[in-house]
Amino acid sequence: MHLNKIDPEVSQALNRELAREQEGLEMIPSENFVSEAVLEALGSIGTNKYSEGYPGARYYGGCEWVDVIENLARDRAKALFGVNHANVQPASGCAANIATMFALLEPGDTLMGMNLFFGGHMTHGLPVNFSGRYYKSVQYTSAPDGTMDFEAMLSLALEHKPKLVIVGATAYPRIIDWQKARGVADAVGAFLLADVSHVAGLIVSGDHPSPAGIADVITTTTHKTLRGPRGAMILCNGNPSTPLKKVDVSRENIPTLIDRAIIPGLQGGPHNHQTAAIAVALKEAAQPDFKEYGHQIVKNAKALASVLVRQGFELVTGGTDNHLMVVNLTNKNVSGKQAERALSLAGITVNKNTVPFEPRTPFDPSGIRLGTPALTTRGMHEAEMETIGSWIDEAITHASDETKLASIKMSVKEMTDRFPLYPNLTY
Ligand SMILES: *Cc1c(COP(=O)(O)O)cnc(C)c1O
């Protein structure tokens with residue numbers, strides 16, 4: 001180990017972060033803990049190599065081994081999600097979505113996505129995001145009960161004729177019906193982008209339907225329920241073209257358009273260490289125990305939701321079918337920000353979140369978002385969810401009682417001690 005000798009400040013901050021991850025209850029639904037094998041690949045010498053381009057077609061010499069790594073990642077992604085083309089180079093989910101727009105749209109074209117305040121992502125057309133500024137963005141909202149409203153989407157689509165329809169969410173607790181999304185896109189001849197960043201792991205485990213074969217493009221992060229390193233993939237079907245040949249914007253050319261959008265369109269050298277770690281995570285996700293993992297995420301979320309409902313919490317859509325829930329705290333007389341702070345003092349990490357038809361502001365919204373992927377990775381089950389649900393209730397009920405919150409934090413530490421994370425790691 002060299003880090004603590006060369007840079008004690010970074011070493012100390014990493015050790016403190018490690019302790020924070022070990023001692024707390026990580027309930028931000030977009031977070032997870034990677035395996036030691038993934039960490040090892042991510043911290044590897046892959047970072048040293050420039051390899052602009054794709055396997056077999058690079059702009060740099062010496063790429064024979066990074067070609068092997070990228071091909072492993074691509075082939076595993078294709079097999080796992082049932083598509084015939086995978087680009088594993090986007091640095092993150094935002095980059096994957098921007099690349100998809102860059103591939104399929106011209107500046108000023110119309111796209112349609114879910115409003116951020118209703119559970120959509122900022123790259124789905126938020127006015128201050130690239131997607132809302134360089135394209136004409138039409139935003140759909142959910143039905144009054146918080147569920148996706150495909151009829152409203154259809155009438156908006158018929159009115160505005162988007163060229164790209166984006167379906168997928170960052171704070172949506174129910175199953176997404178991809179066929180209905182396809183119907184909306186088809187009604188106006190639009191491309192359909194399914195952004196499965198949050199539910200990718202549940203798609204692999206069979207706990208959420210897959211948009212493969214339905215959507216034209218699938219984007220996903222690799223670091224959420226999929227439990228890989230921070231990164232993203234773009235998945236599609238079609239015929240990759242030979243380099244340099246001019247191609248038009250059509251369905252069968254999507255693989256070529258996507259690959260060219262990533263490089264030379266938007267990115268330079270691929271992060272080979274990240275690609276190696278994605279390959280490892282995809283191998284892990286293809287094992288039978290990953291299916292169990294996905295099933296348990298959902299069982300844990302349902303168990304937690306039912307504890308909270310019993311204690312009088314109001315959940316958006318009334319519950320959950322996936323890995324997360326959005327709690328509307330209006331009837332509890334605390335804001336999302338106050339709840340986030342109280343829970344943090346109690347050792348429980350969540351994030352404040354808007355609720356559909358939010359009456360407050362995004363900086364201090366009415367709700368919080370809770371998820372079970374990271375807790376499930378640690379090996380927790382329904383019994384722990386019962387206890388955690390009652391701590392969440394206590395912490396929110398006594399949001400300004402610092403003594404109470406500190407005592408919950410001690411109980412949290414006792415529980416997390418029983419679920420060790422990276423026992424041999426130190427920086
Ligand atoms: C997380 C997320 C993204 C963005 O991923 P980053 O890696 O944070 O850039 C995009 N879309 C959806 C739906 C997400 O949940």
# chains A, B, ... in the order shown; residues from 1 in each chain; ligands from 1
call {"tool": "residues_around", "arguments": {"residues": "Leu25 (chain A)", "least_positions_apart": "2", "cutoff": "7 Å", "atoms": "only C-alpha atoms", "output": "list in words"}}
result
Met27, Gly347, Ile348, Thr349 and Leu375 of chain A
call {"tool": "select_by_dssp", "arguments": {"residues": "region 171-238 of chain A", "states": "strand (DSSP E)", "output": "ChimeraX atom specification"}}
result
/A:191-195,217-221,232-236
call {"tool": "residues_near_ligand", "arguments": {"ligand": "ligand 1", "cutoff": "6 Å", "atoms": "only C-alpha atoms and all ligand atoms", "output": "number ranges by chain"}}
result
A: 92-94, 121, 168-170, 195, 197-198, 221
call {"tool": "write_last_selection", "arguments": {"atoms": "N, CA and C atoms", "output": "PDB file, in the first residue's frame"}}
result
ATOM      1  N   SER A  92     -20.851   7.954 -18.157  1.00  0.00           N
ATOM      2  CA  SER A  92     -21.916   7.934 -17.154  1.00  0.00           C
ATOM      3  C   SER A  92     -23.264   7.918 -17.868  1.00  0.00           C
ATOM      4  N   GLY A  93     -24.314   7.827 -17.073  1.00  0.00           N
ATOM      5  CA  GLY A  93     -25.658   7.762 -17.645  1.00  0.00           C
ATOM      6  C   GLY A  93     -26.010   9.003 -18.452  1.00  0.00           C
ATOM      7  N   CYS A  94     -25.633  10.173 -17.949  1.00  0.00           N
ATOM      8  CA  CYS A  94     -25.926  11.408 -18.693  1.00  0.00           C
ATOM      9  C   CYS A  94     -25.258  11.360 -20.059  1.00  0.00           C
ATOM     10  N   HIS A 121     -35.677  12.092 -15.408  1.00  0.00           N
ATOM     11  CA  HIS A 121     -34.287  12.495 -15.169  1.00  0.00           C
ATOM     12  C   HIS A 121     -34.004  13.806 -15.892  1.00  0.00           C
ATOM     13  N   GLY A 168     -38.531   6.145 -18.928  1.00  0.00           N
ATOM     14  CA  GLY A 168     -37.579   5.639 -17.934  1.00  0.00           C
ATOM     15  C   GLY A 168     -37.528   6.685 -16.853  1.00  0.00           C
ATOM     16  N   ALA A 169     -37.172   6.302 -15.640  1.00  0.00           N
ATOM     17  CA  ALA A 169     -37.308   7.267 -14.558  1.00  0.00           C
ATOM     18  C   ALA A 169     -36.251   7.077 -13.502  1.00  0.00           C
ATOM     19  N   THR A 170     -36.178   8.071 -12.657  1.00  0.00           N
ATOM     20  CA  THR A 170     -35.203   8.046 -11.583  1.00  0.00           C
ATOM     21  C   THR A 170     -35.889   7.978 -10.220  1.00  0.00           C
ATOM     22  N   ASP A 195     -34.734   4.361 -20.927  1.00  0.00           N
ATOM     23  CA  ASP A 195     -33.623   4.619 -20.004  1.00  0.00           C
ATOM     24  C   ASP A 195     -33.867   3.782 -18.749  1.00  0.00           C
ATOM     25  N   SER A 197     -31.709   2.967 -16.390  1.00  0.00           N
ATOM     26  CA  SER A 197     -30.623   3.166 -15.419  1.00  0.00           C
ATOM     27  C   SER A 197     -30.934   2.603 -14.037  1.00  0.00           C
ATOM     28  N   HIS A 198     -32.147   2.875 -13.549  1.00  0.00           N
ATOM     29  CA  HIS A 198     -32.482   2.438 -12.196  1.00  0.00           C
ATOM     30  C   HIS A 198     -32.794   0.956 -12.102  1.00  0.00           C
ATOM     31  N   THR A 221     -27.238   3.061 -16.686  1.00  0.00           N
ATOM     32  CA  THR A 221     -26.025   3.182 -15.894  1.00  0.00           C
ATOM     33  C   THR A 221     -25.633   1.769 -15.480  1.00  0.00           C
TER      34      THR A 221
END
call {"tool": "select_by_dssp", "arguments": {"residues": "region 112-338 of chain A", "states": "alpha helix (DSSP H)", "output": "ChimeraX atom specification"}}
result
/A:130-133,150-160,178-187,200-205,254-260,272-285,288-310,336-338
call {"tool": "residues_around", "arguments": {"residues": "region 266-269 of chain A", "least_positions_apart": "2", "cutoff": "12 Å", "atoms": "only C-alpha atoms", "output": "compact mmCIF listing (two decimals) with N, CA and C atoms, in the first residue's frame"}}
result
# COMPACT_ATOMS: atom_id res chain seq x y z
N GLY A 46 -5.61 -0.55 -16.48
CA GLY A 46 -6.39 -0.19 -17.67
C GLY A 46 -6.42 1.32 -17.87
N THR A 47 -6.33 2.06 -16.77
CA THR A 47 -6.39 3.53 -16.85
C THR A 47 -5.22 4.12 -17.62
N ASN A 48 -4.14 3.38 -17.78
CA ASN A 48 -2.94 3.93 -18.43
C ASN A 48 -3.05 4.06 -19.95
N LYS A 49 -3.96 3.32 -20.54
CA LYS A 49 -3.92 3.14 -21.99
C LYS A 49 -4.90 4.02 -22.76
N TYR A 50 -4.40 4.66 -23.79
CA TYR A 50 -5.28 5.36 -24.75
C TYR A 50 -5.79 4.37 -25.78
N SER A 51 -7.08 4.37 -26.06
CA SER A 51 -7.62 3.39 -27.01
C SER A 51 -8.82 3.97 -27.76
N GLU A 52 -8.71 5.23 -28.17
CA GLU A 52 -9.83 5.84 -28.90
C GLU A 52 -10.25 4.95 -30.06
N GLY A 53 -11.56 4.82 -30.23
CA GLY A 53 -12.09 3.93 -31.26
C GLY A 53 -12.76 2.74 -30.61
N TYR A 54 -12.87 1.64 -31.36
CA TYR A 54 -13.54 0.44 -30.87
C TYR A 54 -12.65 -0.77 -31.14
N ARG A 58 -8.96 0.96 -33.77
CA ARG A 58 -8.49 1.97 -32.82
C ARG A 58 -7.59 2.99 -33.52
N TYR A 59 -7.47 4.16 -32.90
CA TYR A 59 -6.57 5.18 -33.41
C TYR A 59 -5.18 5.08 -32.79
N TYR A 60 -4.99 4.14 -31.87
CA TYR A 60 -3.70 3.99 -31.17
C TYR A 60 -3.22 2.55 -31.27
N CYS A 63 -3.34 -1.89 -28.55
CA CYS A 63 -4.67 -2.05 -27.96
C CYS A 63 -5.14 -3.50 -27.89
N VAL A 66 -6.69 -4.31 -24.39
CA VAL A 66 -7.92 -3.57 -24.08
C VAL A 66 -9.04 -3.97 -25.05
N GLN A 89 -18.85 2.38 -23.65
CA GLN A 89 -17.90 3.47 -23.38
C GLN A 89 -18.45 4.72 -22.69
N PRO A 90 -19.77 4.97 -22.66
CA PRO A 90 -20.20 6.22 -22.04
C PRO A 90 -19.69 6.33 -20.59
N ALA A 91 -19.15 7.48 -20.26
CA ALA A 91 -18.56 7.65 -18.93
C ALA A 91 -19.61 7.58 -17.83
N SER A 92 -20.85 7.95 -18.16
CA SER A 92 -21.92 7.93 -17.15
C SER A 92 -23.26 7.92 -17.87
N CYS A 94 -25.63 10.17 -17.95
CA CYS A 94 -25.93 11.41 -18.69
C CYS A 94 -25.26 11.36 -20.06
N ALA A 95 -24.01 10.92 -20.09
CA ALA A 95 -23.27 10.86 -21.36
C ALA A 95 -23.96 9.89 -22.33
N ALA A 96 -24.50 8.79 -21.82
CA ALA A 96 -25.19 7.83 -22.68
C ALA A 96 -26.44 8.46 -23.29
N ASN A 97 -27.18 9.21 -22.49
CA ASN A 97 -28.40 9.85 -23.01
C ASN A 97 -28.07 10.95 -24.00
N ILE A 98 -27.06 11.75 -23.69
CA ILE A 98 -26.68 12.82 -24.61
C ILE A 98 -26.21 12.21 -25.94
N ALA A 99 -25.46 11.13 -25.86
CA ALA A 99 -24.98 10.48 -27.09
C ALA A 99 -26.15 9.98 -27.93
N THR A 100 -27.17 9.45 -27.27
CA THR A 100 -28.34 8.95 -28.00
C THR A 100 -29.04 10.10 -28.74
N MET A 101 -29.16 11.25 -28.07
CA MET A 101 -29.79 12.41 -28.72
C MET A 101 -28.92 12.91 -29.87
N PHE A 102 -27.61 12.97 -29.62
CA PHE A 102 -26.67 13.43 -30.64
C PHE A 102 -26.71 12.50 -31.86
N ALA A 103 -26.96 11.21 -31.61
CA ALA A 103 -27.01 10.23 -32.69
C ALA A 103 -28.27 10.36 -33.53
N ILE A 258 -24.92 5.46 -32.97
CA ILE A 258 -24.57 5.53 -31.53
C ILE A 258 -23.05 5.50 -31.37
N ASP A 259 -22.40 4.55 -32.02
CA ASP A 259 -20.94 4.44 -31.86
C ASP A 259 -20.25 5.73 -32.30
N ARG A 260 -20.70 6.31 -33.40
CA ARG A 260 -20.08 7.54 -33.88
C ARG A 260 -20.42 8.74 -32.99
N ALA A 261 -21.58 8.68 -32.34
CA ALA A 261 -21.93 9.78 -31.43
C ALA A 261 -20.99 9.79 -30.22
N ILE A 262 -20.64 8.59 -29.73
CA ILE A 262 -19.71 8.53 -28.59
C ILE A 262 -18.32 9.01 -29.03
N ILE A 263 -17.78 8.39 -30.06
CA ILE A 263 -16.52 8.87 -30.62
C ILE A 263 -16.58 8.79 -32.13
N PRO A 264 -16.34 9.82 -32.89
CA PRO A 264 -15.74 11.11 -32.51
C PRO A 264 -16.71 12.17 -32.00
N HIS A 271 -12.42 4.71 -20.87
CA HIS A 271 -11.85 4.44 -19.55
C HIS A 271 -11.70 2.92 -19.41
N ASN A 272 -10.56 2.41 -19.83
CA ASN A 272 -10.40 0.95 -19.91
C ASN A 272 -10.51 0.24 -18.56
N HIS A 273 -10.09 0.93 -17.50
CA HIS A 273 -10.24 0.35 -16.16
C HIS A 273 -11.72 0.20 -15.83
N GLN A 274 -12.50 1.20 -16.23
CA GLN A 274 -13.95 1.18 -16.00
C GLN A 274 -14.60 0.08 -16.86
N THR A 275 -14.16 -0.03 -18.11
CA THR A 275 -14.68 -1.07 -18.98
C THR A 275 -14.38 -2.46 -18.40
call {"tool": "closest_residue", "arguments": {"among": "A:Gly120, A:Gly336, A:Pro144, A:Gly231", "to": "Thr219 (chain A)", "atoms": "only C-alpha atoms"}}
result
A:Gly231
call {"tool": "residues_around", "arguments": {"residues": "region 394-405 of chain A", "least_positions_apart": "6", "cutoff": "9 Å", "atoms": "only C-alpha atoms", "output": "VMD selection string"}}
result
chain A and resid 332 334 338 to 347
call {"tool": "closest_residue", "arguments": {"among": "A:Leu18, A:Ala281, A:Ala200, A:Leu3", "to": "Gly294 (chain A)", "atoms": "only C-alpha atoms"}}
result
A:Ala200
call {"tool": "atom_distance", "arguments": {"atom1": "CA of Phe363 (chain A)", "atom2": "CA of Lys337 (chain A)"}}
result
7.7 Å
call {"tool": "closest_residue", "arguments": {"among": "A:Met385, A:Val184, A:Ile69, A:Ala277", "to": "Glu40 (chain A)", "atoms": "only C-alpha atoms"}}
result
A:Ala277
call {"tool": "closest_residue", "arguments": {"among": "A:Ala383, A:Ile297, A:Leu164, A:Ala152", "to": "Leu202 (chain A)", "atoms": "only C-alpha atoms"}}
result
A:Ile297
call {"tool": "residues_around", "arguments": {"residues": "region 30-33 of chain A", "least_positions_apart": "6", "cutoff": "9 Å", "atoms": "only C-alpha atoms", "output": "mmCIF file with N, CA and C atoms, in the first residue's frame"}}
result
data_model
loop_
_atom_site.group_PDB
_atom_site.id
_atom_site.type_symbol
_atom_site.label_atom_id
_atom_site.label_comp_id
_atom_site.auth_asym_id
_atom_site.auth_seq_id
_atom_site.Cartn_x
_atom_site.Cartn_y
_atom_site.Cartn_z
ATOM 1 N N GLU A 21 -19.523 4.300 4.911
ATOM 2 C CA GLU A 21 -20.278 3.294 4.160
ATOM 3 C C GLU A 21 -20.555 2.066 5.024
ATOM 4 N N THR A 170 -36.178 8.071 -12.657
ATOM 5 C CA THR A 170 -35.203 8.046 -11.583
ATOM 6 C C THR A 170 -35.889 7.978 -10.220
ATOM 7 N N SER A 197 -31.709 2.967 -16.390
ATOM 8 C CA SER A 197 -30.623 3.166 -15.419
ATOM 9 C C SER A 197 -30.934 2.603 -14.037
ATOM 10 N N HIS A 198 -32.147 2.875 -13.549
ATOM 11 C CA HIS A 198 -32.482 2.438 -12.196
ATOM 12 C C HIS A 198 -32.794 0.956 -12.102
ATOM 13 N N HIS A 223 -23.967 1.363 -12.420
ATOM 14 C CA HIS A 223 -23.624 1.417 -10.987
ATOM 15 C C HIS A 223 -24.829 1.417 -10.060
ATOM 16 N N LYS A 224 -26.046 1.280 -10.587
ATOM 17 C CA LYS A 224 -27.212 1.305 -9.697
ATOM 18 C C LYS A 224 -27.596 -0.139 -9.357
ATOM 19 N N THR A 225 -28.810 -0.594 -9.698
ATOM 20 C CA THR A 225 -29.158 -1.975 -9.321
ATOM 21 C C THR A 225 -28.259 -3.009 -10.016
ATOM 22 N N LEU A 226 -27.622 -2.631 -11.102
ATOM 23 C CA LEU A 226 -26.745 -3.581 -11.805
ATOM 24 C C LEU A 226 -25.465 -3.876 -11.009
ATOM 25 N N ARG A 227 -25.151 -3.040 -10.036
ATOM 26 C CA ARG A 227 -24.074 -3.281 -9.064
ATOM 27 C C ARG A 227 -22.682 -3.351 -9.682
ATOM 28 N N GLY A 228 -22.472 -2.517 -10.694
ATOM 29 C CA GLY A 228 -21.137 -2.421 -11.285
ATOM 30 C C GLY A 228 -20.491 -1.096 -10.924
ATOM 31 N N PRO A 229 -19.387 -0.777 -11.612
ATOM 32 C CA PRO A 229 -18.721 0.497 -11.360
ATOM 33 C C PRO A 229 -19.543 1.638 -11.953
ATOM 34 N N GLY A 371 -34.532 3.461 -1.065
ATOM 35 C CA GLY A 371 -34.392 2.240 -1.853
ATOM 36 C C GLY A 371 -33.631 1.172 -1.109
ATOM 37 N N PRO A 373 -31.518 -1.447 -2.813
ATOM 38 C CA PRO A 373 -30.437 -2.197 -3.465
ATOM 39 C C PRO A 373 -29.165 -2.344 -2.613
ATOM 40 N N ALA A 374 -28.711 -1.259 -1.998
ATOM 41 C CA ALA A 374 -27.446 -1.331 -1.251
ATOM 42 C C ALA A 374 -27.602 -2.172 0.022
ATOM 43 N N LEU A 375 -28.720 -2.009 0.723
ATOM 44 C CA LEU A 375 -28.950 -2.808 1.941
ATOM 45 C C LEU A 375 -29.020 -4.293 1.583
ATOM 46 N N THR A 377 -27.525 -5.761 -0.944
ATOM 47 C CA THR A 377 -26.163 -6.219 -1.224
ATOM 48 C C THR A 377 -25.452 -6.601 0.067
ATOM 49 N N ARG A 378 -25.747 -5.885 1.150
ATOM 50 C CA ARG A 378 -25.094 -6.196 2.427
ATOM 51 C C ARG A 378 -25.634 -7.470 3.067
ATOM 52 N N LEU A 421 -18.778 -4.926 5.400
ATOM 53 C CA LEU A 421 -18.589 -4.511 4.011
ATOM 54 C C LEU A 421 -17.083 -4.372 3.829
#
call {"tool": "closest_atom_pairs", "arguments": {"of": "region 12-113 of chain A", "to": "region 212-217 of chain A", "cutoff": "7 Å", "atoms": "only C-alpha atoms", "output": "Markdown table"}}
result
| residue | atom | partner | partner_atom | distance |
| --- | --- | --- | --- | --- |
| A:Phe81 | CA | A:Ala212 | CA | 6.8 |
| A:Gly82 | CA | A:Ala212 | CA | 6.4 |
| A:Val83 | CA | A:Ala212 | CA | 6.5 |
call {"tool": "write_last_selection", "arguments": {"atoms": "all heavy atoms", "output": "short mmCIF file (atom, residue, chain, number, x, y, z; two decimals), in the first residue's frame"}}
result
data_model
loop_
_atom_site.label_atom_id
_atom_site.label_comp_id
_atom_site.auth_asym_id
_atom_site.auth_seq_id
_atom_site.Cartn_x
_atom_site.Cartn_y
_atom_site.Cartn_z
N PHE A 81 -28.67 -8.73 -21.92
CA PHE A 81 -29.86 -7.93 -22.22
C PHE A 81 -30.55 -8.34 -23.52
O PHE A 81 -31.57 -7.76 -23.88
CB PHE A 81 -29.51 -6.43 -22.22
CG PHE A 81 -29.23 -5.91 -20.84
CD1 PHE A 81 -27.94 -5.89 -20.33
CD2 PHE A 81 -30.26 -5.47 -20.02
CE1 PHE A 81 -27.68 -5.44 -19.04
CE2 PHE A 81 -30.02 -5.01 -18.73
CZ PHE A 81 -28.73 -4.99 -18.24
N GLY A 82 -29.99 -9.32 -24.24
CA GLY A 82 -30.66 -9.80 -25.44
C GLY A 82 -30.74 -8.79 -26.56
O GLY A 82 -31.80 -8.58 -27.16
N VAL A 83 -29.62 -8.14 -26.85
CA VAL A 83 -29.56 -7.20 -27.98
C VAL A 83 -28.34 -7.59 -28.83
O VAL A 83 -27.50 -8.36 -28.38
CB VAL A 83 -29.41 -5.73 -27.50
CG1 VAL A 83 -30.66 -5.27 -26.77
CG2 VAL A 83 -28.17 -5.57 -26.61
#
call {"tool": "residues_around", "arguments": {"residues": "Tyr422 (chain A)", "least_positions_apart": "4", "cutoff": "12 Å", "atoms": "only C-alpha atoms", "output": "number ranges by chain"}}
result
A: 15, 18-19, 21-23, 33-37, 39, 377-378, 417, 426-427
call {"tool": "residues_around", "arguments": {"residues": "Leu72 (chain A)", "least_positions_apart": "2", "cutoff": "10 Å", "atoms": "only C-alpha atoms", "output": "number ranges by chain"}}
result
A: 66-70, 74-78, 275-276, 278-280, 282-283
